[in-house]
Amino acid sequence: MASVFTRPGSLFYYAAFRLPTVDAEGNKGWKLVKQVTKVPVPKTLREQEKSQQEALKVAMEFEKNAFSVAGAGDDGSQRILAILREAADKAAQKRLTANLGRDFIRRLVEASTGETLPAEKTIAGWLNEWLKQKTGTTKPATQARYKASVKAALSHLGEEQAALPLDSLTVGKLREFRDKLKAEGRTAKTTNHYLKDLNSALLAAVKEGHIQRSPADNLEPLPEEDSTSREPLTFAEISKLLKAASSDDWRGVILLGTFGGLRLGDAAKITRGCIDLQDKVIRFKPQKTARKKETKKAPILLPMHVELARYFEGIDLPADLEAPVFPSLARLSIAGNNGLSARFVRIMEAAGVSRGQTREHVEGTAGRSAHARSFHSLRHTFNSSMFNGGISQETRMKLVGHADSQTNAVYTHAEMAALRRAVDAVPLLNSKRVG
């Protein structure tokens with residue numbers, strides 16, 4: 001595209017542009033052409049912008065004629081030059097916006113190759129497309145969380161900004177969104193989860209070539225000092241829970257949390273095929289990590305604690321290996337007023353077991369009440385008991401599923417013996433060591 005410049009002491013603007021060339025061997029190249037425009041250089045800055053535009057028009061006319069003489073004056077080349085002139089006019093008038101620039105690029109590609117560039121993704125368009133991609137590939141609870149994160153982000157941006165191209169989303173806008181979430185009363189942990197979900201969507205856009213880099217990569221997470229710390233339950237309290245449990249199924253789930261560290265959803269949905277009474281082990285894939293590559297090859301291998309072996313040997317297990325061990329709980333969701341979490345709270349209340357320190361919901365904010373003790377506290381009891389028994393962090397991580405690909409390694413006899421010793425470090429319900 002033609003441009004203009006001045007030389008020291010010159011009275012006129014000069015045009016500069018490149019022409020296509022072909023040498024004797026057929027090699028294609030470009031040569032730079034410089035030509036005086038006869039448009040005078042103004043003496044004052046006030047007249048400079050107008051004179052530069054006049055000189056640029058002359059330069060473009062030089063370029064057009066030179067292309068024609070050089071044999072590059074076909075219709076396609078003329079269209080390309082016309083688009084470039086239009087873009088240059090907008091730039092000279094300081095009216096070349098990002099959206100116009102993208103449109104000029106689209107038109108240039110079409111004029112040059114005949115190909116039509118795919119429609120550019122908007123922020124709202126891509127985030128909603130990403131949500132659809134996640135349908136069927138993620139669990140309902142995860143999908144619900146993603147939808148909440150996207151809905152909050154689009155609400156913060158508003159319709160006008162959400163309709164902008166995806167690459168217009170900046171780290172500054174994400175920082176404003178993060179700070180707004182926190183100001184509305186959400187904890188730092190919840191706020192960080194919202195941004196983590198958005199970053200997942202943006203990283204997917206990078207993989208598909210819609211943007212070069214996720215703007216969320218440069219956003220620092222908030223320190224999670226305001227989150228409610230989880231507290232373990234004592235074995236005396238767990239005994240009360242077992243007595244207050246409304247069914248044998250609930251007693252089994254509570255035992256799996258206490259002596260296996262299973263999360264509520266994993267415990268409630270465990271199947272007959274996971275229970276190996278002969279080798280006294282439990283094999284299962286945690287729902288939280290079931291879709292990660294490192295957990296697809298093998299499940300977590302959990303040696304049975306004496307209390308778990310005693311329980312499973314004392315109930316009628318189904319013959320079908322795919323059947324749930326706890327049919328009355330397996331189909332219930334975790335959330336909701338009648339979900340597994342709410343039902344466990346009612347068991348705690350019936351047993352007279354405290355829910356621990358509470359973070360109260362502040363009226364008028366988006367935060368919610370949270371308690372330090374819940375079913376997840378049983379997982380902390382399991383981990384803390386092994387810690388008190390002198391079990392190493394590496395071994396504890398393998399048993400509670402916090403490790404990476406090592407979690408699913410095929411254990412040697414020596415490793416299995418170490419894991420059994422770790423589980424045996426958790427005291428029996430009637431042990432004198434219990435609190």
# chains A, B, ... in the order shown; residues from 1 in each chain; ligands from 1
call {"tool": "residues_around", "arguments": {"residues": "A:Arg272", "least_positions_apart": "3", "cutoff": "12 Å", "atoms": "only C-alpha atoms", "output": "PyMOL selection string"}}
result
chain A and resi 267-269+275-277+282-284+312+315-327
call {"tool": "residues_around", "arguments": {"residues": "A:Arg79", "least_positions_apart": "6", "cutoff": "9 Å", "atoms": "only C-alpha atoms", "output": "number ranges by chain"}}
result
A: 108, 111-112
call {"tool": "closest_residue", "arguments": {"among": "A:Ser51, A:Phe235, A:Ala163, A:Lys147", "to": "A:Thr135", "atoms": "only C-alpha atoms"}}
result
A:Lys147
call {"tool": "closest_residue", "arguments": {"among": "A:Met304, A:Ala422, A:Ala201, A:Ala144", "to": "A:Ala335", "atoms": "only C-alpha atoms"}}
result
A:Ala144
call {"tool": "residues_around", "arguments": {"residues": "stretch 128-130 of chain A", "least_positions_apart": "6", "cutoff": "10 Å", "atoms": "only C-alpha atoms", "output": "list in words"}}
result
Lys121, Thr122, Tyr146, Lys147, Val150, Lys151, Leu154, Ser200, Ala201, Leu202, Ala204 and Ala205 of chain A
